[in-house]
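A.B. asks: Shown below is the structure under consideration.
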Amino acid sequence: MKEAKARIKINKLLEESGWRFFDDENGQANISLESNAKLTKKSFDEMGEDFEKTENGFIDYLLLDEKGFPLAVLEAKKEDKAPLDGKEQARRYAQSQNVRFIILSNSNLHYFWDIEAGNPEVITEFPTLESIGHRGSFKPDITALSKEKVEPDYVVLTQMPAYAADPSWQNEADRPSFIKDKGLRFLRPYQMQAVHELQKAAKKGQTRFLFEMATGTGKTLTAAAVIRLFLRTGNAKRVLFLVDRIELENQAEKAFRNNLKNDYKTVIWKENRDDWRKAEIVVSTVQSFVHNNKCQKLFSPTDFDLVISDESHRSVNGNARAVFEYFVGYKLGLTATPKDYLKKIDTSKLRGEDPREFERRQLLDTYKTFGCESGVPTFKYSLLDGVKDGYLVNPIVADARTEITAELLSEKGYSLLVENDEGEKEEKLFHHTDFERKFFSEETNRIFCKTFIENALKDPISGEVGKSIIFCVSQDHASRITQILNEFAYKLWPDKYNSDFAVQVSSNVQLAQQMAVNFSNNNLNGHSRWEPEGYESSKTRICVTVGMMTTGYDCEDLLNICLMRPVFSPSDFVQIKGRGTRKFTFKNVSRSDGEIEKTEMDKKAFKFFDFFANCEYFEEKFDYDEILELPQVKQLKGFQPVLVPATLDDVTITDPDPLKFLKETRVGVEGMKIDRELFDRFERKIAEDDVVRQSYESGNIEEAVARVHEVHINKPEDFVTLEKIRKALRLDRRITIRELLDKAFGKQKGFPTKDQLLEQEFSKFVAVNKPDNQYIVPLKMYFKAYVTDPEIRNIIDQKQYARLATNPKLTMEELRSLNGWKDAVPEYVKDYVPLNTFS
């Protein structure tokens with residue numbers, strides 16, 4: 001019975017993957033399949049009647065290529081048998097048919113095995129014929145990879161193979177300008193060492209590698225060298241480069257195109273959905289693959305031979321890690337966040353919900369994911385290494401706290417007498433997390449800005465405030481800070497700026513991405529009006545942002561970074577600080593009395609303003625380079641902190657509201673016509689909104705969602721809400737605006753049910769955690785119960801297992817059968833599964 005059930009499921013999986021196959025159960029091919037290739041009886045007859053029979057038995061499934069000849073063997077086991085039990089049997093079958101690929105499956109758990117390259121790997125979908133054909137078009141050669149010479153000009157040799165013969169290269173005086181003009185990217189010693197360490201690890205049989213390299217040390221160039229290494233030596237034919245931000249996606253595509261275009265084609269997946277297979281390098285945000293389960297729907301596990309994850313501890317965890325694990329083959333992680341970033345912090349005392357504990361777990365998972373369980377990466381190059389070797393600069397860290405922020409940061413918090421609804425005064429406590437969310441202080445913001453302007457590092461050529469980025473709590477906070485800075489600038493330098501000393505660069509501002517680019521290129525709102533005349537530095541001196549410009553933003557002449565907000569993510573903190581570490585030489589050419597004067601001054605350091613003790617948050621007893629004395633805000637004339645007024649969410653109505661009348665009407669399975677029309681009208685309005693469309697199609701999903709909220713949700717005429725839409729669509733779960741956008745713009749046909757989403761989430765859990773076969777079925781039951789039943793979650797979280805006696809979804813016996821997996825599900829769900837979707 002179990003064997004028959006497994007075969008039915010396997011047949012369905014094969015047909016969904018587009019395979020033509022021959023199985024030993026009925027002795028015939030699945031010729032009823034809609035075929036994209038010619039499969040004739042002649043191809044079977046030419047091989048003889050028993051072509052699927054071997055000396056030691058029959059092959060369960062023989063998978064056929066486009067011409068009907070053997071391409072892979074599928075060894076099927078009963079549901080209660082481990083797929084790996086059939087490993088050696090399948091190897092013999094594969095060798096007898098002279099095929100290289102094997103799938104091991106019991107219909108619940110599957111493995112893909114290239115018997116000429118490594119071990120069986122867990123897969124959550126069967127590979128397609130086209131994908132395995134791609135994989136079969138080359139054979140990995142570790143010897144070639146490990147022996148390949150990687151020298152400083154390794155990337156340059158693909159940019160300009162004959163560079164060494166050019167007269168400008170041979171003339172040492174002309175060489176620096178030649179390199180700059182041609183954009184030649186020579187590897188630095190530590191970048192070569194990174195590649196060499198990978199070669200050594202691969203020679204030892206490792207297939208996963210991790211580079212821990214500080215921001216500004218050229219991880220993308222190092223990745224380009226690794227990509228060329230794999231493609232050139234025949235160990236990969238197609239590479240996937242995953243990032244977690246749109247700006248990083250564009251940056252990576254540009255870098256690979258500039259560095260490798262003469263030999264390899266690079267595309268961004270979402271811009272080349274129909275012909276990405278023609279490229280050797282595919283770049284994508286991990287979100288593009290995660291959303292709506294696109295990874296499993298549009299790709300096969302064998303589509304990519306090398307997967308590289310940039311800022312890997314953010315882009316390979318949870319759902320994102322499921323994408324990473326979906327593909328078989330070599331894996332390389334790049335991270336700028338060191339394992340030991342929580343210096344002097346007793347991590348055993350961190351609570352589970354503490355952001356530092358969450359990211360600590362993520363980082364440890366990252367090291368484990370890349371085969372570095374010992375905590376030692378394949379290669380490491382820290383900020384201190386970069387400073388010591390002369391490639392990076394260290395920050396001057398300035399501790400700046402007002403009286404109020406000091407109290408907000410204290411364990412007790414900032415105490416304030418507030419009038420309650422009864423008109424009585426009562427004490428209310430605020431902490432740093434409340435700043436600019438529940439607690440507003442205009443004077444505190446003014447002191448922040450005044451302190452920053454007075455203490456910021458100055459441009460060494462013009463003497464004006466050096467180029468700076470300020471990070472704020474919210475869009476509204478960024479808007480207020482920008483206004484205050486421009487007011488100060490007008491008073492101090494009325495002839496230099498036109499309310500453009502500071503500019504808000506955040507996702508709700510049009511052309512924000514281009515503003516960031518212009519700031520880096522020193523032409524945001526024109527050039528400096530300061531002496532010397534003609535100095536090409538940006539007129540705008542400060543970009544005020546919230547979450548933009550944190551990752552992958554290059555602005556080498558940045559001199560000041562300011563945190564006017566608390567930061568709780570260690571990776572964000574490391575990335576923000578890393579914006580200023582790059583070296584730079586300030587240059588200007590001017591004429592005086594007919595003679596040309598050249599001025600060059602090196603960037604020695606940058607200043608890092610910390611108004612919320614973020615450094616202490618990540619490193620207790622942090623030794624600040626400067627302690628800035630700030631005025632006492634409470635004593636400033638006219639000061640009055642502003643508190644957030646109560647919202648409807650804060651109000652509970654307890655007065656009785658008796659029922660006036662009751663009328664019941666039975667609605668048919670098709671739903672009410674008015675409900676269906678409600679959704680249709682809403683969908684049309686979204687699709688016809690040019691602002692929504694432009695934001696969505698340009699990848700600014702956050703802006704598109706905000707626009708729908710602002711303009712279309714709960715507005716007159718229909719007063720549409722997400723709950724009304726859910727009921728109109730007869731969905732058994734909550735729906736999101738992102739899903740509605742995808743439906744309106746044709747990215748998805750419908751809305752999956754709660755159980756379909758649960759199956760997808762469990763599939764990701766399996767891809768990440770790789771449980772043994774014996775636990776698959778009980779784990780799935782436990783996983784679904786924990787996600788969908790609040791009582792089960794409470795029982796497990798509180799360890800009150802006796803209560804299971806009265807809950808029909810999970811028994812104590814089923815819980816015991818999970819052995820060591822009991823705690824893995826809650827930890828995974830809490831970190832990565834959106835429970836609201838299933839409520």
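Identifiers in the structure tokens: chain A, B, ... in order shown; residue index from 1 per chain; ligand index from 1 in order shown.
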Apply DSSP to the structure's backbone, then extract all residues of segment 107-245 of chain A labelled alpha helix (DSSP H) and return them as JSON, numbers by chain.
C.D. replies: {"A": [129, 130, 131, 132, 133, 134, 135, 136, 142, 143, 144, 145, 146, 147, 156, 157, 158, 159, 167, 168, 169, 170, 175, 176, 177, 178, 179, 180, 181, 182, 189, 190, 191, 192, 193, 194, 195, 196, 197, 198, 199, 200, 201, 202, 203, 219, 220, 221, 222, 223, 224, 225, 226, 227, 228, 229, 230, 231, 232]}
A.B. asks: Which residues, written as a PyMOL selection string, have at least one atom at most 8 Å from segment 511-517 of chain A, with only C-alpha atoms counted and residues fewer than 5 positions away on the same chain left out?
C.D. replies: chain A and resi 505-506+524+543+549
A.B. asks: Mind dumping the selected residues with C-alpha atoms as a CSV table (one decimal), in the first residue's frame?
C.D. replies:
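File part.csv, as written:
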chain,number,residue,atom,x,y,z
A,505,VAL,CA,17.0,60.5,0.5
A,506,SER,CA,14.5,57.9,1.5
A,524,LEU,CA,23.8,66.3,-6.3
A,543,CYS,CA,22.0,62.9,2.7
A,549,MET,CA,22.4,53.8,1.6
A.B. asks: Extract, using only C-alpha atoms, all DNA, RNA and protein residues at most 7 Å from segment 133-136 of chain A, discarding same-chain residues fewer than 3 positions from it, and format them as a ChimeraX atom specification.
C.D. replies: /A:129-130,302
A.B. asks: Quote the spacing between atom CA of Trp821 of chain A and atom CA of Ser763 of chain A in Å to one decimal place.
C.D. replies: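 Computed distance, atom CA of Trp821 of chain A to atom CA of Ser763 of chain A, equals 15.6 Å.
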A.B. asks: Using only C-alpha atoms, find the one residue out of A:Phe609, A:Phe289, A:Tyr801, A:Leu210 that sits nearest to Arg816 of chain A.
C.D. replies: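 Ranked by minimum distance to Arg816 of chain A, first place goes to A:Tyr801.
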A.B. asks: Could you tell me which of A:Thr540, A:Asn521, A:Thr753, A:Thr405 comes closest to Glu556 of chain A if we count only C-alpha atoms?
C.D. replies: A:Asn521
A.B. asks: Please provide as a list of chain:residue names all residues within 12 Å of Asn819 of chain A, with the sequence filter that same-chain residues fewer than 4 positions apart are discarded (counting only C-alpha atoms).
C.D. replies: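 So the residues in contact are A:Pro771, A:Asp772, A:Gln774, A:Tyr775, A:Pro778, A:Leu779, A:Met812, A:Glu813, A:Glu814, A:Leu815, A:Asp823, A:Ala824.
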A.B. asks: Determine the nearest neighbour of Arg91 of chain A from the options A:Gln191, A:Asn769, A:Asn445, A:Asn119, counting only C-alpha atoms.
C.D. replies: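 Selected residue with least distance to Arg91 of chain A: A:Asn119.
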A.B. asks: In Å, with one decimal, what is the gap from atom CA of Asn455 of chain A to atom CA of Ala398 of chain A?
C.D. replies: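 Straight-line distance from atom CA of Asn455 of chain A to atom CA of Ala398 of chain A works out to 9.2 Å.
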A.B. asks: Tell me which protein, DNA and RNA residues are within 9 Å of segment 738-745 of chain A, counting only C-alpha atoms, leaving out same-chain ones fewer than 3 positions away, and put them as a ChimeraX atom specification.
C.D. replies: /A:292,683-684,686-687,692-693,696-697,701-702,704-705,708,735,748-751
A.B. asks: Name all residues at most 10 Å from Gly329 of chain A (count only C-alpha atoms; drop same-chain ones fewer than 3 positions away) and give them as a PyMOL selection string.
C.D. replies: chain A and resi 114+117-118+121+207-208+235-236+301-307+325-326
A.B. asks: Please report the interatomic distance between atom CA of Asp831 of chain A and atom CA of Val243 of chain A in Å with one decimal.
C.D. replies: 19.7 Å
